[in-house]
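Colleague: Got a file for you: final_23.cif, mmCIF, C-alpha atoms.
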data_run
#
loop_
_atom_site.label_atom_id
_atom_site.label_comp_id
_atom_site.auth_asym_id
_atom_site.auth_seq_id
_atom_site.Cartn_x
_atom_site.Cartn_y
_atom_site.Cartn_z
CA MET A 289 95.72 -15.95 -27.98
CA PRO A 290 94.43 -19.20 -26.48
CA GLU A 291 91.75 -21.21 -28.22
CA PHE A 292 88.19 -20.11 -27.66
CA SER A 293 87.30 -23.57 -26.34
CA ARG A 294 88.04 -22.71 -22.69
CA LEU A 295 86.02 -19.52 -22.97
CA THR A 296 83.01 -21.09 -24.69
CA GLN A 297 83.04 -23.75 -21.99
CA ASP A 298 83.13 -21.11 -19.25
CA ILE A 299 80.30 -19.08 -20.73
CA GLY A 300 78.38 -22.29 -21.46
CA TYR A 301 77.58 -21.52 -25.07
CA THR A 302 78.98 -22.82 -28.34
CA PHE A 303 78.71 -20.43 -31.27
CA ARG A 304 77.34 -21.30 -34.67
CA HIS A 305 79.10 -18.19 -35.97
CA ALA A 306 82.43 -18.03 -34.16
CA ARG A 307 83.21 -14.79 -35.98
CA LEU A 308 80.70 -13.04 -33.71
CA LEU A 309 82.64 -14.08 -30.63
CA SER A 310 85.87 -12.96 -32.17
CA LEU A 311 84.33 -9.58 -33.06
CA ALA A 312 83.01 -9.22 -29.51
CA LEU A 313 86.59 -9.52 -28.26
CA THR A 314 88.08 -6.96 -30.65
CA HIS A 315 88.89 -3.59 -29.13
CA PRO A 316 88.52 -0.44 -31.29
CA SER A 317 92.32 0.03 -31.25
CA PHE A 318 92.56 -3.14 -33.35
CA GLY A 319 90.55 -1.82 -36.30
CA ALA A 320 87.31 -0.44 -37.65
CA GLN A 321 85.65 -3.84 -37.27
CA ASN A 322 85.40 -3.91 -33.49
CA ASN A 323 83.13 -4.68 -30.56
CA GLN A 324 81.62 -1.24 -29.94
CA ARG A 325 78.33 -1.81 -31.74
CA LEU A 326 78.00 -5.20 -30.04
CA GLU A 327 78.63 -3.55 -26.70
CA PHE A 328 75.77 -1.11 -27.45
CA LEU A 329 73.44 -4.04 -28.10
CA GLY A 330 74.81 -6.16 -25.26
CA ASP A 331 74.12 -3.46 -22.71
CA SER A 332 70.40 -3.79 -23.51
CA VAL A 333 70.50 -7.58 -23.61
CA LEU A 334 72.05 -7.58 -20.15
CA GLU A 335 69.50 -5.10 -18.79
CA LEU A 336 66.60 -7.21 -19.98
CA CYS A 337 68.03 -10.52 -18.74
CA MET A 338 68.68 -8.90 -15.38
CA SER A 339 65.28 -7.23 -15.15
CA HIS A 340 63.51 -10.45 -16.01
CA HIS A 341 65.61 -12.42 -13.54
CA LEU A 342 64.86 -9.97 -10.71
CA PHE A 343 61.20 -9.69 -11.67
CA LEU A 344 60.83 -13.47 -11.26
CA THR A 345 63.17 -13.91 -8.28
CA TYR A 346 61.62 -11.18 -6.13
CA PRO A 347 57.89 -11.28 -6.90
CA LYS A 348 57.05 -8.77 -4.18
CA MET A 349 59.92 -6.34 -4.49
CA LYS A 350 58.99 -2.78 -5.45
CA GLU A 351 60.33 -1.23 -8.63
CA GLY A 352 62.62 1.20 -6.76
CA LYS A 353 64.48 -1.63 -5.06
CA LEU A 354 64.49 -3.68 -8.26
CA THR A 355 66.07 -0.77 -10.09
CA ALA A 356 68.77 -0.34 -7.43
CA LEU A 357 69.49 -4.05 -7.39
CA ARG A 358 69.73 -4.18 -11.18
CA ALA A 359 72.09 -1.19 -11.19
CA SER A 360 74.46 -2.97 -8.80
CA LEU A 361 74.38 -6.15 -10.91
CA VAL A 362 75.17 -4.47 -14.23
CA CYS A 363 77.64 -1.85 -13.00
CA GLU A 364 81.19 -1.71 -14.30
CA ASP A 365 82.61 -3.19 -11.08
CA THR A 366 80.46 -6.29 -11.38
CA LEU A 367 81.10 -6.69 -15.10
CA TYR A 368 84.82 -6.35 -14.50
CA ARG A 369 84.74 -9.00 -11.78
CA ILE A 370 83.00 -11.36 -14.19
CA ALA A 371 85.47 -10.54 -16.97
CA GLU A 372 88.38 -11.36 -14.68
CA ARG A 373 86.75 -14.60 -13.59
CA LEU A 374 86.49 -15.58 -17.28
CA ARG A 375 90.06 -14.37 -17.85
CA LEU A 376 88.60 -12.46 -20.77
CA GLY A 377 91.76 -10.40 -21.01
CA ASP A 378 93.54 -13.41 -22.54
CA TYR A 379 91.26 -13.14 -25.58
CA ILE A 380 90.91 -9.41 -26.16
CA ARG A 381 92.54 -8.26 -29.38
CA MET A 382 93.91 -4.75 -29.05
CA LEU A 383 96.93 -2.65 -30.00
CA PRO A 384 99.13 -2.44 -28.06
CA PRO A 385 98.07 -5.75 -26.45
CA LEU A 386 96.21 -5.63 -23.16
CA GLN A 387 98.42 -5.55 -20.06
CA PRO A 388 97.59 -5.68 -16.35
CA ASP A 389 98.27 -1.92 -16.18
CA THR A 390 96.61 -0.90 -19.46
CA ARG A 391 94.82 2.40 -18.98
CA GLY A 392 91.04 1.90 -18.99
CA ARG A 393 91.45 -1.85 -18.55
CA LYS A 394 88.43 -2.11 -16.29
CA ALA A 395 86.06 -0.34 -18.69
CA LEU A 396 87.20 -2.25 -21.75
CA MET A 397 86.95 -5.59 -19.95
CA ALA A 398 83.42 -4.66 -18.83
CA ASP A 399 82.53 -3.65 -22.41
CA ALA A 400 83.80 -7.00 -23.68
CA VAL A 401 81.44 -8.90 -21.35
CA GLU A 402 78.50 -6.96 -22.80
CA ALA A 403 79.74 -7.49 -26.35
CA VAL A 404 80.06 -11.26 -25.78
CA LEU A 405 76.52 -11.29 -24.43
CA ALA A 406 75.28 -9.53 -27.58
CA ALA A 407 77.15 -12.08 -29.68
CA VAL A 408 75.38 -14.91 -27.86
CA TYR A 409 72.06 -13.11 -28.29
CA LEU A 410 72.55 -12.64 -32.04
CA ASP A 411 73.80 -16.19 -32.48
CA GLY A 412 71.36 -18.05 -30.23
CA GLY A 413 68.57 -15.69 -29.21
CA LEU A 414 67.44 -14.23 -25.92
CA GLU A 415 67.13 -17.57 -24.16
CA ALA A 416 70.77 -18.42 -24.82
CA ALA A 417 71.80 -14.98 -23.56
CA HIS A 418 69.64 -15.38 -20.48
CA GLU A 419 71.24 -18.74 -19.70
CA MET A 420 74.68 -17.17 -19.99
CA VAL A 421 73.67 -14.45 -17.53
CA GLU A 422 72.30 -16.99 -15.04
CA ARG A 423 75.56 -18.89 -15.28
CA LEU A 424 78.02 -16.00 -15.10
CA TRP A 425 76.16 -14.08 -12.41
CA ALA A 426 75.40 -17.13 -10.24
CA ALA A 427 77.76 -15.96 -7.46
CA GLU A 428 76.31 -12.42 -7.49
CA PHE A 429 72.75 -13.73 -7.41
CA ALA A 430 73.58 -15.97 -4.45
CA ALA A 431 75.22 -13.03 -2.60
CA ASP A 432 72.10 -10.93 -3.19
CA ARG A 433 69.79 -13.54 -1.75
CA GLU A 434 72.19 -13.94 1.18
CA ALA A 435 72.45 -10.18 1.78
CA GLY A 436 68.70 -9.91 1.51
CA ASN A 437 68.43 -12.57 4.20
CA GLY A 438 70.82 -10.93 6.67
CA LYS A 439 69.31 -7.51 6.30
CA SER A 440 65.75 -8.72 6.40
CA LYS A 441 66.37 -10.80 9.52
CA LEU A 442 67.68 -7.70 11.28
CA GLN A 443 64.73 -5.72 9.95
CA GLU A 444 62.26 -8.30 11.28
CA PHE A 445 63.94 -8.31 14.69
CA VAL A 446 63.76 -4.52 14.91
CA GLN A 447 60.16 -4.33 13.70
CA ALA A 448 58.95 -7.03 16.10
CA ARG A 449 60.25 -4.87 18.98
CA HIS A 450 58.85 -1.61 17.57
CA LEU A 451 62.32 -0.08 17.51
CA PRO A 452 63.05 2.99 15.32
CA GLU A 453 64.12 2.62 11.68
CA LEU A 454 67.49 1.19 10.70
CA ARG A 455 69.95 3.20 8.67
CA TYR A 456 72.92 1.89 6.66
CA ASP A 457 75.76 4.31 5.96
CA THR A 458 78.83 3.72 3.84
CA VAL A 459 81.45 5.15 6.17
CA GLY A 460 84.57 4.19 4.25
CA GLU A 461 85.85 3.30 0.78
CA GLU A 462 89.42 2.44 -0.10
CA GLY A 463 91.68 0.58 -2.48
CA PRO A 464 92.02 0.61 -6.28
CA ALA A 465 88.89 0.27 -8.40
CA HIS A 466 89.23 -3.46 -9.08
CA GLN A 467 89.68 -4.35 -5.40
CA ARG A 468 87.78 -1.62 -3.66
CA ARG A 469 86.81 -2.20 -0.01
CA PHE A 470 83.71 -0.65 1.52
CA THR A 471 82.94 -0.12 5.19
CA VAL A 472 79.30 0.09 6.16
CA ALA A 473 77.86 0.91 9.57
CA VAL A 474 74.27 0.25 10.62
CA TYR A 475 72.53 2.59 13.03
CA LEU A 476 69.39 2.64 15.11
CA GLU A 477 68.82 6.38 15.35
CA ASP A 478 72.22 7.68 16.53
CA ARG A 479 73.42 4.43 17.96
CA GLU A 480 75.84 2.34 15.90
CA LEU A 481 74.87 -1.33 16.08
CA GLY A 482 77.74 -2.71 14.06
CA ARG A 483 80.06 -2.11 11.15
CA ALA A 484 81.82 -4.32 8.63
CA GLU A 485 84.01 -4.30 5.55
CA GLY A 486 83.25 -5.95 2.23
CA ASN A 487 84.04 -6.07 -1.49
CA SER A 488 80.78 -4.31 -2.27
CA LYS A 489 78.43 -2.09 -0.31
CA LYS A 490 75.90 -4.90 -0.32
CA ASP A 491 78.40 -7.37 1.05
CA ALA A 492 79.46 -4.92 3.78
CA GLN A 493 75.81 -4.20 4.65
CA GLN A 494 75.10 -7.89 4.94
CA LYS A 495 78.00 -8.42 7.31
CA ALA A 496 77.17 -5.31 9.32
CA ALA A 497 73.56 -6.53 9.62
CA GLU A 498 74.72 -9.89 10.99
CA ILE A 499 76.98 -8.22 13.55
CA ALA A 500 74.18 -5.85 14.55
CA LEU A 501 71.69 -8.68 14.94
CA ASN A 502 74.07 -10.65 17.15
CA ALA A 503 74.73 -7.58 19.26
CA LEU A 504 71.01 -6.90 19.72
CA LYS A 505 70.32 -10.53 20.64
CA GLU A 506 73.17 -10.61 23.13
CA GLN A 507 71.97 -7.39 24.70
CA GLU A 508 68.46 -8.82 24.93
CA GLY A 509 69.87 -11.94 26.64
CA ASP A 510 71.69 -9.75 29.18
CA ALA A 511 68.66 -7.65 29.98
CA MET B 7 36.33 2.07 -19.45
CA PRO B 8 36.00 0.96 -23.09
CA GLU B 9 36.59 -2.65 -24.05
CA PHE B 10 40.17 -3.69 -24.61
CA SER B 11 39.35 -4.79 -28.16
CA ARG B 12 40.20 -1.43 -29.73
CA LEU B 13 43.45 -1.28 -27.83
CA THR B 14 44.55 -4.82 -28.61
CA GLN B 15 43.79 -4.11 -32.26
CA ASP B 16 45.88 -0.93 -32.14
CA ILE B 17 48.83 -2.58 -30.48
CA GLY B 18 48.45 -5.58 -32.79
CA TYR B 19 48.56 -8.22 -30.09
CA THR B 20 45.88 -10.39 -28.49
CA PHE B 21 46.61 -11.53 -24.96
CA ARG B 22 46.34 -15.06 -23.72
CA HIS B 23 46.28 -13.64 -20.20
CA ALA B 24 44.18 -10.48 -20.39
CA ARG B 25 44.85 -9.88 -16.70
CA LEU B 26 48.39 -8.84 -17.62
CA LEU B 27 47.09 -6.07 -19.86
CA SER B 28 44.72 -4.89 -17.20
CA LEU B 29 47.54 -4.84 -14.62
CA ALA B 30 49.72 -2.87 -17.04
CA LEU B 31 47.02 -0.18 -17.13
CA THR B 32 46.60 0.09 -13.37
CA HIS B 33 48.17 3.13 -11.75
CA PRO B 34 49.61 2.83 -8.21
CA SER B 35 46.84 5.12 -6.92
CA PHE B 36 44.40 2.32 -7.71
CA GLY B 37 45.93 -0.24 -5.39
CA ALA B 38 48.89 -2.35 -4.37
CA GLN B 39 48.49 -4.52 -7.47
CA ASN B 40 49.64 -2.00 -10.06
CA ASN B 41 51.81 -1.51 -13.12
CA GLN B 42 55.03 -0.32 -11.49
CA ARG B 43 56.86 -3.64 -11.58
CA LEU B 44 55.76 -4.15 -15.17
CA GLU B 45 57.05 -0.69 -16.02
CA PHE B 46 60.44 -1.68 -14.55
CA LEU B 47 60.53 -4.72 -16.82
CA GLY B 48 59.05 -2.92 -19.82
CA ASP B 49 61.73 -0.27 -19.76
CA SER B 50 64.30 -3.01 -20.45
CA VAL B 51 62.14 -4.74 -23.04
CA LEU B 52 61.83 -1.45 -24.91
CA GLU B 53 65.55 -0.75 -24.72
CA LEU B 54 66.41 -4.12 -26.20
CA CYS B 55 63.80 -3.95 -28.97
CA MET B 56 65.04 -0.48 -29.86
CA SER B 57 68.73 -1.41 -29.70
CA HIS B 58 68.17 -4.44 -31.89
CA HIS B 59 66.08 -2.44 -34.36
CA LEU B 60 68.74 0.26 -34.68
CA PHE B 61 71.57 -2.29 -34.81
CA LEU B 62 69.92 -3.89 -37.85
CA THR B 63 68.61 -0.72 -39.50
CA TYR B 64 71.89 1.19 -39.38
CA PRO B 65 74.60 -1.42 -39.94
CA LYS B 66 77.38 1.17 -40.17
CA MET B 67 76.32 3.61 -37.48
CA LYS B 68 78.74 4.04 -34.58
CA GLU B 69 77.67 3.24 -31.04
CA GLY B 70 77.66 6.90 -29.96
CA LYS B 71 75.08 7.81 -32.58
CA LEU B 72 73.11 4.63 -31.93
CA THR B 73 72.95 5.52 -28.24
CA ALA B 74 71.72 9.05 -28.97
CA LEU B 75 69.14 7.79 -31.42
CA ARG B 76 67.89 5.19 -28.96
CA ALA B 77 67.62 7.82 -26.23
CA SER B 78 65.40 9.98 -28.42
CA LEU B 79 63.18 7.01 -29.32
CA VAL B 80 62.60 5.85 -25.74
CA CYS B 81 62.37 9.24 -24.03
CA GLU B 82 59.27 10.32 -22.16
CA ASP B 83 58.19 12.69 -24.94
CA THR B 84 58.15 9.91 -27.52
CA LEU B 85 56.43 7.45 -25.19
CA TYR B 86 53.81 10.05 -24.36
CA ARG B 87 53.16 10.74 -28.04
CA ILE B 88 52.63 7.01 -28.59
CA ALA B 89 50.37 6.74 -25.54
CA GLU B 90 48.21 9.58 -26.86
CA ARG B 91 48.03 7.99 -30.29
CA LEU B 92 46.74 4.80 -28.65
CA ARG B 93 44.38 6.87 -26.48
CA LEU B 94 45.82 4.88 -23.59
CA GLY B 95 44.36 7.37 -21.15
CA ASP B 96 40.91 5.87 -21.81
CA TYR B 97 42.06 2.61 -20.23
CA ILE B 98 44.21 3.69 -17.30
CA ARG B 99 42.68 2.83 -13.94
CA MET B 100 43.57 5.37 -11.30
CA LEU B 101 42.06 7.29 -8.41
CA PRO B 102 40.92 9.96 -8.95
CA PRO B 103 40.40 9.03 -12.62
CA LEU B 104 42.83 10.40 -15.18
CA GLN B 105 41.95 13.84 -16.57
CA PRO B 106 43.52 15.94 -19.32
CA ASP B 107 45.08 18.12 -16.61
CA THR B 108 46.06 15.37 -14.15
CA ARG B 109 49.40 16.23 -12.58
CA GLY B 110 52.13 13.95 -13.94
CA ARG B 111 49.89 12.77 -16.78
CA LYS B 112 52.76 12.63 -19.23
CA ALA B 113 54.98 10.45 -17.03
CA LEU B 114 52.21 8.05 -16.09
CA MET B 115 51.09 7.66 -19.70
CA ALA B 116 54.69 6.96 -20.71
CA ASP B 117 55.00 4.42 -17.88
CA ALA B 118 51.84 2.69 -19.08
CA VAL B 119 53.30 2.19 -22.57
CA GLU B 120 56.31 0.46 -21.03
CA ALA B 121 54.09 -1.62 -18.76
CA VAL B 122 51.95 -2.75 -21.71
CA LEU B 123 55.11 -3.73 -23.55
CA ALA B 124 56.22 -5.83 -20.56
CA ALA B 125 52.79 -7.46 -20.49
CA VAL B 126 53.15 -8.42 -24.17
CA TYR B 127 56.66 -9.71 -23.48
CA LEU B 128 55.53 -11.89 -20.57
CA ASP B 129 52.49 -13.12 -22.47
CA GLY B 130 54.02 -13.68 -25.90
CA GLY B 131 57.79 -13.44 -25.64
CA LEU B 132 60.36 -11.06 -27.05
CA GLU B 133 59.27 -11.49 -30.64
CA ALA B 134 55.73 -10.35 -29.87
CA ALA B 135 57.10 -7.34 -27.98
CA HIS B 136 59.41 -6.52 -30.85
CA GLU B 137 56.54 -6.61 -33.32
CA MET B 138 54.56 -4.25 -31.11
CA VAL B 139 57.49 -1.82 -31.05
CA GLU B 140 57.87 -1.94 -34.84
CA ARG B 141 54.18 -1.21 -35.18
CA LEU B 142 53.83 1.56 -32.60
CA TRP B 143 57.07 3.33 -33.48
CA ALA B 144 56.58 3.08 -37.27
CA ALA B 145 56.09 6.84 -37.64
CA GLU B 146 59.14 7.63 -35.49
CA PHE B 147 61.30 5.16 -37.41
CA ALA B 148 60.21 6.69 -40.72
CA ALA B 149 61.02 10.19 -39.44
CA ASP B 150 64.48 9.01 -38.39
CA ARG B 151 65.28 7.55 -41.76
CA GLU B 152 63.98 10.73 -43.37
CA ALA B 153 66.04 12.94 -41.06
CA GLY B 154 69.04 10.74 -41.69
CA ASN B 155 68.53 11.25 -45.41
CA GLY B 156 68.33 15.05 -45.28
CA LYS B 157 71.34 15.36 -43.04
CA SER B 158 73.41 12.83 -44.92
CA LYS B 159 72.65 14.46 -48.27
CA LEU B 160 73.93 17.76 -46.89
CA GLN B 161 76.94 15.97 -45.44
CA GLU B 162 77.75 14.35 -48.78
CA PHE B 163 77.45 17.67 -50.60
CA VAL B 164 79.82 19.34 -48.15
CA GLN B 165 82.34 16.50 -48.19
CA ALA B 166 82.40 16.30 -51.99
CA ARG B 167 83.48 19.95 -52.02
CA HIS B 168 86.01 19.57 -49.20
CA LEU B 169 84.21 22.21 -47.15
CA PRO B 170 84.79 22.44 -43.38
CA GLU B 171 82.69 20.41 -40.95
CA LEU B 172 79.01 21.06 -40.37
CA ARG B 173 77.69 21.96 -36.95
CA TYR B 174 74.07 21.74 -35.74
CA ASP B 175 73.08 23.94 -32.80
CA THR B 176 69.78 24.01 -30.97
CA VAL B 177 69.27 27.77 -30.81
CA GLY B 178 65.75 27.81 -29.36
CA GLU B 179 63.27 25.77 -27.31
CA GLU B 180 59.80 26.88 -26.35
CA GLY B 181 56.32 25.73 -25.44
CA PRO B 182 55.02 23.31 -22.81
CA ALA B 183 56.57 19.85 -22.52
CA HIS B 184 53.97 17.99 -24.57
CA GLN B 185 54.17 20.43 -27.48
CA ARG B 186 57.68 21.70 -27.28
CA ARG B 187 59.16 23.41 -30.35
CA PHE B 188 62.84 23.35 -31.15
CA THR B 189 64.81 25.67 -33.42
CA VAL B 190 68.00 24.33 -34.91
CA ALA B 191 70.56 26.19 -36.98
CA VAL B 192 73.22 24.56 -39.13
CA TYR B 193 76.61 26.20 -39.56
CA LEU B 194 79.64 25.83 -41.77
CA GLU B 195 82.31 27.29 -39.49
CA ASP B 196 80.80 30.63 -38.42
CA ARG B 197 78.41 30.91 -41.31
CA GLU B 198 74.76 29.99 -40.75
CA LEU B 199 73.44 27.99 -43.69
CA GLY B 200 69.87 27.65 -42.51
CA ARG B 201 67.60 27.26 -39.52
CA ALA B 202 64.25 25.61 -38.92
CA GLU B 203 61.70 24.77 -36.26
CA GLY B 204 60.36 21.32 -35.43
CA ASN B 205 58.61 19.15 -32.85
CA SER B 206 61.90 17.47 -31.99
CA LYS B 207 65.54 18.40 -32.38
CA LYS B 208 65.87 15.74 -35.03
CA ASP B 209 62.92 17.09 -36.97
CA ALA B 210 64.30 20.64 -36.79
CA GLN B 211 67.77 19.42 -37.85
CA GLN B 212 66.28 17.63 -40.82
CA LYS B 213 64.43 20.74 -41.98
CA ALA B 214 67.44 22.97 -41.36
CA ALA B 215 69.60 20.56 -43.38
CA GLU B 216 67.18 20.72 -46.32
CA ILE B 217 67.15 24.52 -46.24
CA ALA B 218 70.94 24.59 -46.01
CA LEU B 219 71.34 22.18 -48.92
CA ASN B 220 69.04 24.23 -51.10
CA ALA B 221 70.90 27.40 -50.17
CA LEU B 222 74.28 25.84 -51.00
CA LYS B 223 73.00 24.52 -54.33
CA GLU B 224 71.49 27.86 -55.28
CA GLN B 225 74.68 29.62 -54.39
CA GLU B 226 76.64 27.13 -56.52
CA GLY B 227 74.28 27.77 -59.42
CA ASP B 228 74.86 31.51 -59.06
CA ALA B 229 78.63 31.24 -58.99
#
Would you encode the structure as structure tokens?
Modeller:
Amino acid sequence: MPEFSRLTQDIGYTFRHARLLSLALTHPSFGAQNNQRLEFLGDSVLELCMSHHLFLTYPKMKEGKLTALRASLVCEDTLYRIAERLRLGDYIRMLPPLQPDTRGRKALMADAVEAVLAAVYLDGGLEAAHEMVERLWAAEFAADREAGNGKSKLQEFVQARHLPELRYDTVGEEGPAHQRRFTVAVYLEDRELGRAEGNSKKDAQQKAAEIALNALKEQEGDA
Amino acid sequence: MPEFSRLTQDIGYTFRHARLLSLALTHPSFGAQNNQRLEFLGDSVLELCMSHHLFLTYPKMKEGKLTALRASLVCEDTLYRIAERLRLGDYIRMLPPLQPDTRGRKALMADAVEAVLAAVYLDGGLEAAHEMVERLWAAEFAADREAGNGKSKLQEFVQARHLPELRYDTVGEEGPAHQRRFTVAVYLEDRELGRAEGNSKKDAQQKAAEIALNALKEQEGDA
């Protein structure tokens, strides 16, 4: 197992009690002292950090949309992506050792992210945990703002022209769980305005919205 | 509406920004500025306070049991009981005003508890919110420890005698949602050792465990 120094640098937090970090990276197969209780706590730490982040970032967003957005940010897919980015697998203690094809790899990597977050919370408090979330989720937060922009620009265009309501449909999903591809189409009533692929539904929606907006503008130019 | 002073005394927290408390007690029917976003945040604040409380209180409990225990402590029934204890209905602003038979009363009272908790969190930080939870849930926490005691005493008795595993079954549920009664029976293989009624499954299990333990002890005395 490599030294923790690369990991603590990547998560942006240095532990007073390094044992907590080590526990957070111990799978139940390794022994009775493992990360499952930390994962229980970390799940709640993550939820609160995310809720607070969204509450502040989107001061006018309704609770239904906030809830949906939070769900996409704390889902197993997102946690797994973050775990892979941190190369957390290099540090996880389990028996037999973790392999690229270990059964349940995705879930246990996602659990480890939550457990590490709980370790930071216990060691340094909520603020330290919140900072870790802001750092590790920076790419996801940027994509959300971006997606919000694309979709809301299309929405504004449609509303300004009193057109009917937009509808986004996920029309395709393929590939293994850790590199799933989604295809989303956007419709104005029965008419398809555009479709696009992406690594997440949100990403695909964003791209589909951009294509749709260009198509509508072009059409308007032709008219 | 009565003054907030009784309420702030009951929740044990005085607001720097009283507007937050007032917002937390404003139902969506009252206007666009309402407690729904606070409820979104408060749900997560409550989860974390509860997770942390349980993590510390039960240092050996496995995550599955912790999760179940947390679910029972943050469910709508429990939140509603706490809201009624605080007489939160006296403060909720809605149109038409809240009545004992208002449709959805239970859910909106439960939401208000979460919104108030978010208000405390935003005004005073996590520690203030945590203190409020410890105060408002004191009776529930005591009942849990109690129930844990009854059930674990029975468990110890059974284990010491190498008897088969205990099983608790909810064999009955009746009454309206806000005063539901549960009947739980405890079995040793196919043999019923005792059954009891209670306001919650946990409560009924606790009572059934006590009855079962007494029955087993009596039987041992007779042998």
Colleague: On this file, the PyMOL selection byres ((chain A and resi 354-371) around 9) gives some set of residues; write that set as a ChimeraX atom specification.
Modeller: /A:331,334-335,338-339,342-343,346,349-353,372-377,393-402,424-425,428-429,432,465-466,490 /B:43,46
Colleague: Between B:Leu47, B:Leu31, B:Ala134, B:Leu219, which residue has the minimum interatomic distance to B:Met100, considering all atoms listed in the file?
Modeller: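 Answer, going by the shortest atom-to-atom distance: B:Leu31.
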Colleague: List the residues selected by the PyMOL selection byres ((chain B and resi 163-174) around 8) in the file shown, writing them as a ChimeraX atom specification.
Modeller: /B:159-162,175-176,190-195,211,219
Colleague: From the options B:Asp107, B:Asp16, B:Glu152, B:Glu198, which residue's atoms come nearest to B:Ile217, counting all atoms listed in the file?
Modeller: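 Comparing B:Asp107, B:Asp16, B:Glu152, B:Glu198 against B:Ile217, the winner is B:Glu198.
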Colleague: Please write the residues picked by the PyMOL selection byres ((chain A and resi 491) around 10) on this file as JSON, numbers by chain.
Modeller: {"A": [431, 432, 434, 435, 469, 470, 471, 472, 484, 485, 486, 487, 488, 489, 490, 492, 493, 494, 495, 496, 497]}
Colleague: Return the single residue from B:Lys223, B:Ala121, B:Asp228, B:Leu62 that is closest to B:Ser50, with distances computed using all atoms listed in the file.
Modeller: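 Nearest candidate to B:Ser50 out of B:Lys223, B:Ala121, B:Asp228, B:Leu62: B:Ala121.
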Colleague: Output as JSON the centre and edge lengths (Å, one decimal) of the box along x, y and z of the file that holds every listed atom of stretch 357-361 of chain A after adding 3 Å on each side.
Modeller:
{"center_x": 72.0, "center_y": -3.7, "center_z": -9.3, "size_x": 11.0, "size_y": 11.0, "size_z": 9.8}
Colleague: Please indicate the distance in Å from atom CA of B:Gln39 to atom CA of B:Gln105, rounded to one decimal place.
Modeller: 21.5 Å
Colleague: Considering only C-alpha atoms, return as a PyMOL selection string whatever protein or nucleic-acid residues lie within 12 Å of A:Tyr379, sequence-local ones (same chain, fewer than 6 positions apart) excluded.
Modeller: chain A and resi 289-296+309-315+371-372+385-387+397+400-401+404
Colleague: Report, in Å with one decimal, the straight-line distance from atom CA of B:Ala145 to atom CA of A:His340.
Modeller: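 A separation of 28.7 Å between them.
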Colleague: By how many Å are atom CA of B:Val177 and atom CA of B:Arg197 apart?
Modeller: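 Answer for the atom CA of B:Val177 to atom CA of B:Arg197 separation: 14.3 Å.
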Colleague: Closest to B:Arg22 among B:Leu128, B:Leu222, B:Ala135, B:Leu199, using only C-alpha atoms?
Modeller: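 The shortest atom-to-atom distance to B:Arg22 comes from B:Leu128.
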Colleague: If you count all atoms listed in the file, which residues fall within 9 Å of B:Ser35, apart from same-chain ones fewer than 4 positions away, as a count of residues only?
Modeller: 5
Colleague: Complete the atoms of stretch 330-340 of chain A to N, CA and C atoms and put them out as a CSV table (one decimal), in the coordinates of the input.
Modeller:
chain,number,residue,atom,x,y,z
A,330,GLY,N,74.7,-5.3,-26.4
A,330,GLY,CA,74.8,-6.2,-25.3
A,330,GLY,C,74.4,-5.5,-24.0
A,331,ASP,N,74.6,-4.2,-23.9
A,331,ASP,CA,74.1,-3.5,-22.7
A,331,ASP,C,72.6,-3.7,-22.5
A,332,SER,N,71.9,-3.6,-23.6
A,332,SER,CA,70.4,-3.8,-23.5
A,332,SER,C,70.0,-5.2,-23.3
A,333,VAL,N,70.8,-6.2,-23.8
A,333,VAL,CA,70.5,-7.6,-23.6
A,333,VAL,C,70.7,-7.9,-22.1
A,334,LEU,N,71.8,-7.4,-21.6
A,334,LEU,CA,72.0,-7.6,-20.2
A,334,LEU,C,70.9,-7.0,-19.3
A,335,GLU,N,70.5,-5.8,-19.6
A,335,GLU,CA,69.5,-5.1,-18.8
A,335,GLU,C,68.2,-5.9,-18.8
A,336,LEU,N,67.8,-6.4,-19.9
A,336,LEU,CA,66.6,-7.2,-20.0
A,336,LEU,C,66.7,-8.5,-19.2
A,337,CYS,N,67.8,-9.2,-19.5
A,337,CYS,CA,68.0,-10.5,-18.7
A,337,CYS,C,68.0,-10.3,-17.2
A,338,MET,N,68.6,-9.2,-16.8
A,338,MET,CA,68.7,-8.9,-15.4
A,338,MET,C,67.3,-8.5,-14.9
A,339,SER,N,66.6,-7.7,-15.6
A,339,SER,CA,65.3,-7.2,-15.2
A,339,SER,C,64.3,-8.4,-15.0
A,340,HIS,N,64.4,-9.3,-16.0
A,340,HIS,CA,63.5,-10.4,-16.0
A,340,HIS,C,63.9,-11.4,-14.9
